[in-house]
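**Q** data_12.cif is reproduced below (mmCIF, C-alpha atoms and all ligand atoms).
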data_start
#
loop_
_atom_site.label_atom_id
_atom_site.label_comp_id
_atom_site.auth_asym_id
_atom_site.auth_seq_id
_atom_site.Cartn_x
_atom_site.Cartn_y
_atom_site.Cartn_z
CA MET A 24 139.51 203.04 137.15
CA ILE A 25 136.96 201.86 134.63
CA SER A 26 136.10 198.23 135.02
CA VAL A 27 134.89 196.34 132.00
CA ILE A 28 131.80 194.33 132.72
CA GLU A 29 131.39 191.43 130.36
CA SER A 30 127.88 191.45 129.03
CA VAL A 31 126.25 188.33 127.64
CA SER A 32 123.98 189.24 124.83
CA HIS A 33 121.69 187.06 122.79
CA ASP A 34 120.61 187.80 119.24
CA SER A 35 116.96 186.75 119.04
CA PHE A 36 117.42 186.02 115.31
CA PHE A 37 120.17 183.51 116.08
CA LYS A 38 118.15 180.45 116.94
CA SER A 39 117.08 177.08 115.65
CA VAL A 40 113.38 176.30 115.33
CA THR A 41 111.80 172.86 115.40
CA THR A 42 108.71 172.31 113.29
CA ASP A 43 106.78 169.48 111.64
CA HIS A 44 107.52 170.45 108.04
CA PHE A 45 109.59 172.89 105.98
CA ASP A 46 107.15 175.73 105.47
CA ARG A 47 107.51 178.76 103.25
CA GLY A 48 107.63 181.27 106.12
CA ARG A 49 110.48 179.54 107.92
CA ILE A 50 112.53 178.98 104.76
CA SER A 51 112.09 182.70 104.03
CA ASP A 52 113.17 183.51 107.59
CA LEU A 53 116.27 181.37 107.13
CA ALA A 54 117.11 183.06 103.82
CA ALA A 55 116.60 186.48 105.37
CA GLY A 56 118.66 185.69 108.49
CA ARG A 57 115.73 185.91 110.88
CA ILE A 58 116.46 182.37 112.09
CA ALA A 59 119.64 180.26 111.77
CA ALA A 60 118.34 176.68 111.47
CA ILE A 61 115.16 174.66 110.89
CA ARG A 62 114.84 171.18 112.38
CA VAL A 63 112.16 168.75 111.22
CA PRO A 64 112.04 165.50 113.21
CA ASP A 65 111.02 162.39 111.25
CA LEU A 66 111.29 164.14 107.90
CA LEU A 67 111.33 160.80 106.09
CA PRO A 68 109.67 157.59 107.27
CA ARG A 69 111.83 155.45 109.53
CA SER A 70 111.58 152.47 107.13
CA ILE A 71 113.14 154.53 104.33
CA CYS A 72 115.96 155.79 106.55
CA GLU A 73 116.64 152.20 107.57
CA GLU A 74 116.66 150.98 103.97
CA VAL A 75 119.15 153.68 102.93
CA LEU A 76 121.33 153.18 106.01
CA GLU A 77 121.39 149.41 105.47
CA ALA A 78 122.46 149.82 101.82
CA LEU A 79 125.09 152.44 102.68
CA THR A 80 126.46 150.31 105.50
CA GLN A 81 127.46 147.72 102.86
CA ALA A 82 128.70 150.34 100.37
CA LYS A 83 132.30 151.30 99.84
CA PHE A 84 132.86 154.88 100.97
CA GLU A 85 135.64 157.12 99.73
CA SER A 86 137.04 160.07 101.63
CA TYR A 87 137.24 163.77 100.94
CA GLY A 88 140.70 164.88 99.79
CA GLN A 89 142.79 164.28 102.91
CA GLU A 90 145.17 167.18 102.26
CA ARG A 91 142.30 169.55 102.85
CA VAL A 92 139.84 167.55 104.94
CA TYR A 93 141.36 166.16 108.14
CA PRO A 94 140.41 164.35 110.26
CA THR A 95 139.08 162.09 107.51
CA VAL A 96 135.45 162.44 106.44
CA LEU A 97 134.04 159.47 104.55
CA ARG A 98 131.62 160.04 101.71
CA PHE A 99 129.56 158.15 99.17
CA GLY A 100 128.93 160.60 96.37
CA VAL A 101 130.84 163.42 94.74
CA GLY A 102 131.71 166.66 96.49
CA VAL A 103 132.37 169.52 94.11
CA SER A 104 134.86 170.92 96.65
CA ASP A 105 137.17 168.02 95.72
CA HIS A 106 136.99 169.10 92.07
CA ARG A 107 137.77 172.77 92.35
CA HIS A 108 140.55 174.15 90.25
CA GLY A 109 141.44 177.82 90.13
CA GLY A 110 138.01 178.76 91.47
CA ALA A 111 136.16 176.75 88.81
CA VAL A 112 134.74 173.25 88.54
CA ALA A 113 137.50 170.95 87.29
CA ASP A 114 136.79 168.70 84.27
CA SER A 115 137.26 165.69 86.55
CA TYR A 116 133.95 166.49 88.28
CA TRP A 117 131.69 165.43 85.41
CA PRO A 118 132.85 161.84 84.85
CA ALA A 119 132.84 161.44 88.66
CA VAL A 120 129.20 162.59 88.78
CA ARG A 121 128.15 160.14 86.06
CA GLU A 122 130.04 157.28 87.73
CA ASN A 123 128.38 158.22 91.00
CA GLU A 124 124.94 157.85 89.43
CA ASP A 125 125.82 154.24 88.59
CA ARG A 126 127.09 153.60 92.10
CA TRP A 127 123.89 154.89 93.72
CA ARG A 128 121.83 152.87 91.22
CA SER A 129 123.78 149.73 92.12
CA LEU A 130 122.60 150.09 95.73
CA GLY A 131 119.20 148.92 94.42
CA LEU A 132 117.16 151.27 96.62
CA SER A 133 113.38 151.29 96.16
CA ILE A 134 113.38 155.10 96.27
CA ASP A 135 115.73 157.99 95.44
CA PRO A 136 116.47 159.48 98.89
CA PHE A 137 117.68 162.82 97.51
CA GLU A 138 114.48 163.18 95.50
CA LEU A 139 112.44 162.49 98.65
CA CYS A 140 114.48 165.10 100.53
CA ARG A 141 113.95 167.63 97.75
CA LYS A 142 110.19 166.98 97.83
CA ALA A 143 110.12 167.34 101.63
CA ILE A 144 112.03 170.64 101.51
CA GLY A 145 110.09 172.03 98.55
CA THR A 146 106.59 170.98 99.58
CA ASP A 147 105.52 174.51 100.54
CA TRP A 148 108.09 176.49 98.57
CA PRO A 149 106.53 178.45 95.68
CA GLY A 150 109.70 178.54 93.54
CA GLY A 151 110.17 174.76 93.56
CA ILE A 152 113.37 172.81 94.04
CA ALA A 153 115.62 171.01 91.57
CA VAL A 154 119.13 169.68 91.21
CA GLY A 155 121.41 172.53 90.12
CA ARG A 156 123.06 172.72 86.70
CA SER A 157 126.39 174.11 85.67
CA GLY A 158 127.03 174.80 82.01
CA GLY A 159 123.79 172.92 81.34
CA ARG A 160 125.01 169.77 83.07
CA GLN A 161 123.28 168.39 86.15
CA MET A 162 125.34 168.51 89.34
CA CYS A 163 125.61 165.63 91.80
CA PRO A 164 122.32 165.84 93.76
CA GLY A 165 123.90 165.24 97.17
CA VAL A 166 126.28 163.04 99.14
CA ALA A 167 126.21 160.57 102.01
CA ARG A 168 128.80 161.65 104.57
CA GLU A 169 130.32 160.11 107.63
CA PRO A 170 132.25 162.64 109.73
CA ASN A 171 132.92 160.13 112.49
CA ASP A 172 135.88 162.14 113.76
CA GLY A 173 133.98 165.38 113.28
CA PHE A 174 134.09 168.37 110.98
CA GLN A 175 136.44 171.20 111.89
CA VAL A 176 135.00 174.66 112.50
CA HIS A 177 134.28 175.92 108.97
CA PHE A 178 131.81 177.79 106.80
CA ASP A 179 130.36 177.00 103.39
CA ASN A 180 129.74 179.81 100.95
CA VAL A 181 129.64 178.98 97.26
CA LEU A 182 130.11 182.63 96.32
CA ARG A 183 133.49 182.62 98.06
CA GLU A 184 134.53 179.11 97.03
CA PHE A 185 134.00 179.60 93.29
CA LYS A 186 134.70 182.46 90.95
CA GLY A 187 131.58 183.72 89.23
CA ASN A 188 128.57 181.43 89.39
CA LEU A 189 128.98 177.74 90.18
CA LEU A 190 125.44 177.08 88.96
CA ASP A 191 123.58 178.44 85.96
CA ALA A 192 121.79 180.79 88.35
CA ASN A 193 122.31 183.84 90.53
CA ILE A 194 122.43 182.55 94.09
CA ILE A 195 121.18 185.01 96.68
CA SER A 196 121.16 182.84 99.80
CA GLN A 197 122.60 179.49 100.77
CA PHE A 198 121.48 176.61 102.97
CA ALA A 199 122.99 173.31 104.03
CA PHE A 200 120.66 170.34 104.38
CA ASN A 201 121.30 167.11 106.25
CA LEU A 202 119.13 164.07 106.76
CA TYR A 203 120.54 161.99 109.59
CA LEU A 204 120.61 158.21 109.12
CA SER A 205 122.76 157.11 112.03
CA MET A 206 123.81 158.98 115.16
CA PRO A 207 125.95 157.83 118.11
CA ASP A 208 124.59 158.20 121.65
CA ASP A 209 127.85 159.86 122.55
CA GLY A 210 129.13 162.81 120.47
CA GLY A 211 128.14 163.80 116.93
CA GLU A 212 126.64 167.17 117.88
CA THR A 213 126.42 169.98 115.33
CA VAL A 214 127.52 173.39 116.63
CA VAL A 215 126.66 176.67 114.88
CA TRP A 216 128.26 180.02 115.75
CA ARG A 217 126.89 183.48 115.07
CA HIS A 218 129.83 184.53 112.98
CA ARG A 219 130.49 184.76 109.26
CA TRP A 220 133.87 184.75 107.57
CA SER A 221 135.82 187.94 107.69
CA PRO A 222 139.32 188.46 106.20
CA ALA A 223 141.02 188.51 109.62
CA ASP A 224 139.77 184.95 110.20
CA GLU A 225 142.37 183.63 107.76
CA ALA A 226 144.93 183.94 110.60
CA PHE A 227 143.05 181.04 112.24
CA ARG A 228 142.90 178.75 109.19
CA LEU A 229 144.41 175.31 109.78
CA PRO A 230 147.27 174.50 107.34
CA ASN A 231 145.86 173.80 103.85
CA SER A 232 142.51 172.99 105.41
CA TYR A 233 138.85 173.79 104.83
CA GLY A 234 138.72 174.35 108.59
CA PHE A 235 139.78 176.85 111.22
CA SER A 236 141.10 176.73 114.75
CA GLU A 237 138.20 177.04 117.17
CA ASP A 238 139.76 180.30 118.39
CA VAL A 239 138.17 181.91 115.32
CA VAL A 240 134.84 181.78 117.16
CA ALA A 241 136.11 182.35 120.71
CA GLY A 242 133.48 184.14 122.78
CA VAL A 243 130.90 184.06 119.96
CA GLU A 244 127.29 183.06 120.61
CA SER A 245 126.53 179.50 119.50
CA PHE A 246 123.99 176.73 119.73
CA VAL A 247 124.48 172.98 119.81
CA LEU A 248 122.14 170.48 118.17
CA LYS A 249 122.09 166.75 118.69
CA PRO A 250 120.26 165.60 115.57
CA ALA A 251 118.08 162.50 115.78
CA VAL A 252 117.85 159.73 113.20
CA GLY A 253 115.24 160.69 110.59
CA GLU A 254 115.63 164.41 111.29
CA GLY A 255 116.07 166.91 108.49
CA LEU A 256 118.15 169.99 109.29
CA LEU A 257 118.31 173.09 107.14
CA PHE A 258 120.70 175.81 108.28
CA ASP A 259 122.72 178.74 107.01
CA PRO A 260 126.22 177.31 106.50
CA ARG A 261 127.72 180.77 106.03
CA ASN A 262 127.65 180.82 109.83
CA TYR A 263 130.69 178.94 111.13
CA HIS A 264 129.78 175.41 112.18
CA ALA A 265 131.41 172.17 113.29
CA VAL A 266 130.54 168.56 114.01
CA ARG A 267 131.88 167.01 117.19
CA PRO A 268 133.58 163.58 117.05
CA SER A 269 131.39 160.51 117.46
CA ARG A 270 132.06 157.75 119.94
CA GLY A 271 130.74 154.21 119.70
CA ALA A 272 128.71 154.38 116.47
CA ARG A 273 128.84 155.73 112.94
CA ARG A 274 127.42 159.16 112.23
CA MET A 275 125.94 159.09 108.76
CA ALA A 276 123.85 161.71 106.99
CA LEU A 277 122.71 162.59 103.50
CA GLY A 278 123.90 166.10 102.73
CA MET A 279 123.06 168.65 100.08
CA SER A 280 124.11 172.22 99.51
CA ILE A 281 121.18 174.39 98.50
CA GLY A 282 121.20 177.76 96.82
CA LEU A 283 118.23 180.09 96.59
CA SER A 284 118.22 181.54 93.10
CA ASP A 285 116.98 185.00 92.15
CA THR A 286 114.11 183.25 90.33
CA GLY A 287 112.92 181.89 93.70
CA GLN A 288 113.94 178.33 92.89
CA LEU A 289 115.96 176.21 95.33
CA LEU A 290 118.89 174.43 93.66
CA THR A 291 120.85 171.57 95.20
CA TRP A 292 124.32 170.17 94.63
CA GLY A 293 126.75 167.79 96.28
O1 LIG B 1 126.56 166.99 109.60
C1 LIG B 1 126.17 168.08 110.03
O2 LIG B 1 125.39 168.15 111.00
C2 LIG B 1 126.64 169.36 109.38
C3 LIG B 1 127.69 169.10 108.35
C4 LIG B 1 128.14 170.31 107.58
O3 LIG B 1 129.20 170.84 107.77
C5 LIG B 1 127.25 170.88 106.54
O4 LIG B 1 126.16 170.35 106.29
O5 LIG B 1 127.64 171.92 105.93
FE FE B 2 129.53 172.56 106.42
#
Could you rewrite the structure in this file as structure tokens?
**A**
Amino acid sequence: MISVIESVSHDSFFKSVTTDHFDRGRISDLAAGRIAAIRVPDLLPRSICEEVLEALTQAKFESYGQERVYPTVLRFGVGVSDHRHGGAVADSYWPAVRENEDRWRSLGLSIDPFELCRKAIGTDWPGGIAVGRSGGRQMCPGVAREPNDGFQVHFDNVLREFKGNLLDANIISQFAFNLYLSMPDDGGETVVWRHRWSPADEAFRLPNSYGFSEDVVAGVESFVLKPAVGEGLLFDPRNYHAVRPSRGARRMALGMSIGLSDTGQLLTWG
């Protein structure tokens, strides 16, 4: 009889690296799939994180569409995924983006946190970084999100979520960025699996949801991160990922989707 010996194998490209700034080599490695995540502790000064957290703590959050996103994820800002119609950006997105600009302005912050994040990500990147445009109009630069009850196992891939090009650019790689403003002692971990969507995965999709049953990544190599306040995380969101529920405190982060365009420019959207 042939016995099957389970072998545990590790892909040396599937790892997260911690560094003191977002450098060109590591961003290239992430785009090329030679690493899976870049962590930069204390990306923004603590005083700025505190100012933004304090203002957002008073602000009125909305939630992502609850048909699709359950458990509830709170957000301050506009997510284009809530304005998707037939694979295109719905007309409702644009007035929401303009209204959102007023809401962020009314927080009275001394700085624009998304601009600071863009600068920190783009500091060593030769192609530069800018807020993406669609049909000439500027997208929402990013969102504040509070997944206190976690994010389901899911992936983000703009090429699959939209027909044609969401942005006025050809996107050749995609990143997700988060700057963490508040993190509970208990829970709130980010998990990333070494698996990208394949058609058979649809059997594991939760009803109507952006997310999947965790069985979709059963037995797949993964790593778990517990982000710290002030940390910036850049990872490839085409790998399945999830956020574990938080206990005892809010889990708040600024988030941006980032596409690498064929011109070499990084383009963000919310
Ligand atoms: O909050 C996190 O750590 C990750 C959230 C997420 O799903 C994403 O950034 O795509
Ligand atoms: Fe995600």
**Q** Would you mind telling me which residue in A:Ala113, A:Leu229, A:Leu66, A:Val247 lies nearest to ligand LIG 1 (chain B) when using only C-alpha atoms and all ligand atoms?
**A**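 Result for the nearest residue to ligand LIG 1 (chain B): A:Val247.
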**Q** Could you check which of A:Ala199, A:Leu283, A:Ala241, A:Ala192 is closest to Trp216 (chain A), using only C-alpha atoms?
**A**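 Among the listed residues, A:Ala241 lies closest to Trp216 (chain A).
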**Q** At what distance in Å, to one decimal, does CA of Ile194 (chain A) lie from CA of Glu244 (chain A)?
**A**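 According to the coordinates, CA of Glu244 (chain A) and CA of Ile194 (chain A) are separated by 27.0 Å.
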**Q** Check the smallest atom-to-atom distance from each of A:Phe37, A:Phe235, A:Tyr203, A:Phe45 to Arg273 (chain A) using only C-alpha atoms, then report the winner.
**A**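 Distance minimum relative to Arg273 (chain A) lands on A:Tyr203.
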**Q** Neighbouring residues of region 264-268 of chain A were defined as those with any atom within 8 Å, considering only C-alpha atoms; residues of the same chain fewer than 2 positions away were excluded. Please report them as a tab-separated table (two decimals) with C-alpha atoms, in the coordinates of the input.
**A**
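Everything below was put into part-v3.tsv:
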chain	number	residue	atom	x	y	z
A	170	PRO	CA	132.25	162.64	109.73
A	171	ASN	CA	132.92	160.13	112.49
A	172	ASP	CA	135.88	162.14	113.76
A	173	GLY	CA	133.98	165.38	113.28
A	174	PHE	CA	134.09	168.37	110.98
A	175	GLN	CA	136.44	171.20	111.89
A	176	VAL	CA	135.00	174.66	112.50
A	177	HIS	CA	134.28	175.92	108.97
A	178	PHE	CA	131.81	177.79	106.80
A	210	GLY	CA	129.13	162.81	120.47
A	211	GLY	CA	128.14	163.80	116.93
A	212	GLU	CA	126.64	167.17	117.88
A	213	THR	CA	126.42	169.98	115.33
A	214	VAL	CA	127.52	173.39	116.63
A	215	VAL	CA	126.66	176.67	114.88
A	216	TRP	CA	128.26	180.02	115.75
A	260	PRO	CA	126.22	177.31	106.50
A	262	ASN	CA	127.65	180.82	109.83
A	270	ARG	CA	132.06	157.75	119.94
**Q** Rank nothing, just name the residue among A:Gly242, A:Gly150, A:Pro136, A:Pro164 nearest to Thr286 (chain A), using all atoms listed in the file.
**A**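 Closest residue, counting all atoms listed in the file: A:Gly150.
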**Q** Under the rule that only C-alpha atoms and all ligand atoms are counted, which of A:Val252, A:Phe246, A:Phe198, A:Arg217 is the nearest residue to ligand FE 2 (chain B)?
**A**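 Using only C-alpha atoms and all ligand atoms, the shortest distance to ligand FE 2 (chain B) belongs to A:Phe198.
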**Q** Rank nothing, just name the residue among A:Asp179, A:Asp135, A:Glu169, A:Asp238 nearest to ligand FE 2 (chain B), using only C-alpha atoms and all ligand atoms.
**A**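 Nearest to ligand FE 2 (chain B): A:Asp179.
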**Q** Just to confirm, what's the straight-line distance from CA of Arg62 (chain A) to CA of Ser39 (chain A) in Å (one decimal)?
**A**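 One can read the CA of Arg62 (chain A) to CA of Ser39 (chain A) distance as 7.1 Å.
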**Q** I want to know what sits within 10 Å of Thr80 (chain A), based on all atoms listed in the file, with residues of the same chain fewer than 5 positions away left out; could you give that as JSON, numbers by chain?
**A** {"A": [74, 75, 273, 275]}
**Q** Would you save the residues from that selection as a compact mmCIF listing (two decimals), keeping the file's coordinate frame, using C-alpha atoms?
**A**
# COMPACT_ATOMS: atom_id res chain seq x y z
CA GLU A 74 116.66 150.98 103.97
CA VAL A 75 119.15 153.68 102.93
CA ARG A 273 128.84 155.73 112.94
CA MET A 275 125.94 159.09 108.76
**Q** Could you write out as lines of an AutoDock Vina configuration file the box around ligand LIG 1 (chain B) (axis-aligned, all atoms listed in the file, 6 Å on each side), with centre and edge lengths in Å to one decimal?
**A**
center_x = 127.3
center_y = 169.5
center_z = 108.5
size_x = 15.8
size_y = 16.9
size_z = 17.1
**Q** What's the separation between atom C2 of ligand LIG 1 (chain B) and CA of Gly145 (chain A), in Å to one decimal place?
**A** 20.0 Å
**Q** Got a sec to write region 65-88 of chain A of the block to a file, N, CA, C and O atoms, as a tab-separated table (two decimals), in the first residue's frame?
**A**
chain	number	residue	atom	x	y	z
A	65	ASP	N	5.93	52.80	12.21
A	65	ASP	CA	6.03	54.27	12.39
A	65	ASP	C	6.18	54.99	11.06
A	65	ASP	O	7.06	55.84	10.90
A	66	LEU	N	5.32	54.66	10.12
A	66	LEU	CA	5.39	55.31	8.81
A	66	LEU	C	5.11	56.80	8.92
A	66	LEU	O	5.78	57.61	8.30
A	67	LEU	N	4.10	57.14	9.72
A	67	LEU	CA	3.81	58.56	9.96
A	67	LEU	C	4.06	58.85	11.43
A	67	LEU	O	3.91	57.96	12.28
A	68	PRO	N	4.40	60.11	11.75
A	68	PRO	CA	4.66	60.45	13.15
A	68	PRO	C	3.44	60.16	14.04
A	68	PRO	O	2.30	60.31	13.61
A	69	ARG	N	3.73	59.73	15.25
A	69	ARG	CA	2.67	59.37	16.19
A	69	ARG	C	1.67	60.52	16.40
A	69	ARG	O	0.46	60.31	16.47
A	70	SER	N	2.19	61.77	16.43
A	70	SER	CA	1.31	62.92	16.69
A	70	SER	C	0.27	63.05	15.56
A	70	SER	O	-0.89	63.41	15.81
A	71	ILE	N	0.67	62.76	14.35
A	71	ILE	CA	-0.27	62.86	13.22
A	71	ILE	C	-1.32	61.75	13.30
A	71	ILE	O	-2.51	61.99	13.12
A	72	CYS	N	-0.85	60.54	13.60
A	72	CYS	CA	-1.82	59.42	13.75
A	72	CYS	C	-2.84	59.75	14.84
A	72	CYS	O	-4.03	59.49	14.68
A	73	GLU	N	-2.35	60.36	15.92
A	73	GLU	CA	-3.26	60.68	17.03
A	73	GLU	C	-4.25	61.76	16.63
A	73	GLU	O	-5.43	61.70	16.99
A	74	GLU	N	-3.77	62.75	15.87
A	74	GLU	CA	-4.67	63.82	15.43
A	74	GLU	C	-5.78	63.25	14.54
A	74	GLU	O	-6.96	63.57	14.70
A	75	VAL	N	-5.40	62.38	13.61
A	75	VAL	CA	-6.38	61.81	12.67
A	75	VAL	C	-7.34	60.88	13.42
A	75	VAL	O	-8.56	60.94	13.23
A	76	LEU	N	-6.80	60.08	14.32
A	76	LEU	CA	-7.65	59.17	15.10
A	76	LEU	C	-8.66	59.95	15.94
A	76	LEU	O	-9.84	59.63	15.98
A	77	GLU	N	-8.17	60.99	16.58
A	77	GLU	CA	-9.02	61.83	17.44
A	77	GLU	C	-10.17	62.41	16.62
A	77	GLU	O	-11.35	62.35	17.02
A	78	ALA	N	-9.86	62.96	15.44
A	78	ALA	CA	-10.90	63.56	14.60
A	78	ALA	C	-11.88	62.49	14.12
A	78	ALA	O	-13.10	62.69	14.12
A	79	LEU	N	-11.35	61.32	13.74
A	79	LEU	CA	-12.23	60.27	13.21
A	79	LEU	C	-13.09	59.65	14.31
A	79	LEU	O	-14.18	59.14	14.05
A	80	THR	N	-12.58	59.69	15.53
A	80	THR	CA	-13.34	59.14	16.66
A	80	THR	C	-14.64	59.93	16.86
A	80	THR	O	-15.66	59.38	17.27
A	81	GLN	N	-14.59	61.24	16.54
A	81	GLN	CA	-15.79	62.09	16.67
A	81	GLN	C	-16.67	61.99	15.43
A	81	GLN	O	-17.83	62.40	15.46
A	82	ALA	N	-16.11	61.53	14.31
A	82	ALA	CA	-16.81	61.60	13.02
A	82	ALA	C	-17.89	60.52	12.91
A	82	ALA	O	-17.82	59.48	13.56
A	83	LYS	N	-18.86	60.81	12.05
A	83	LYS	CA	-19.94	59.86	11.85
A	83	LYS	C	-19.57	58.92	10.70
A	83	LYS	O	-19.44	59.34	9.56
A	84	PHE	N	-19.37	57.67	11.04
A	84	PHE	CA	-19.02	56.66	10.02
A	84	PHE	C	-20.29	56.11	9.37
A	84	PHE	O	-21.35	56.05	9.98
A	85	GLU	N	-20.13	55.69	8.13
A	85	GLU	CA	-21.20	54.95	7.46
A	85	GLU	C	-20.75	53.49	7.41
A	85	GLU	O	-19.71	53.15	7.96
A	86	SER	N	-21.53	52.64	6.75
A	86	SER	CA	-21.03	51.27	6.60
A	86	SER	C	-21.05	50.89	5.13
A	86	SER	O	-21.78	51.47	4.34
A	87	TYR	N	-20.22	49.94	4.79
A	87	TYR	CA	-20.27	49.36	3.44
A	87	TYR	C	-21.64	48.72	3.27
A	87	TYR	O	-22.28	48.33	4.24
A	88	GLY	N	-22.09	48.62	2.02
A	88	GLY	CA	-23.39	48.00	1.74
A	88	GLY	C	-23.53	46.68	2.47
A	88	GLY	O	-22.71	45.76	2.28
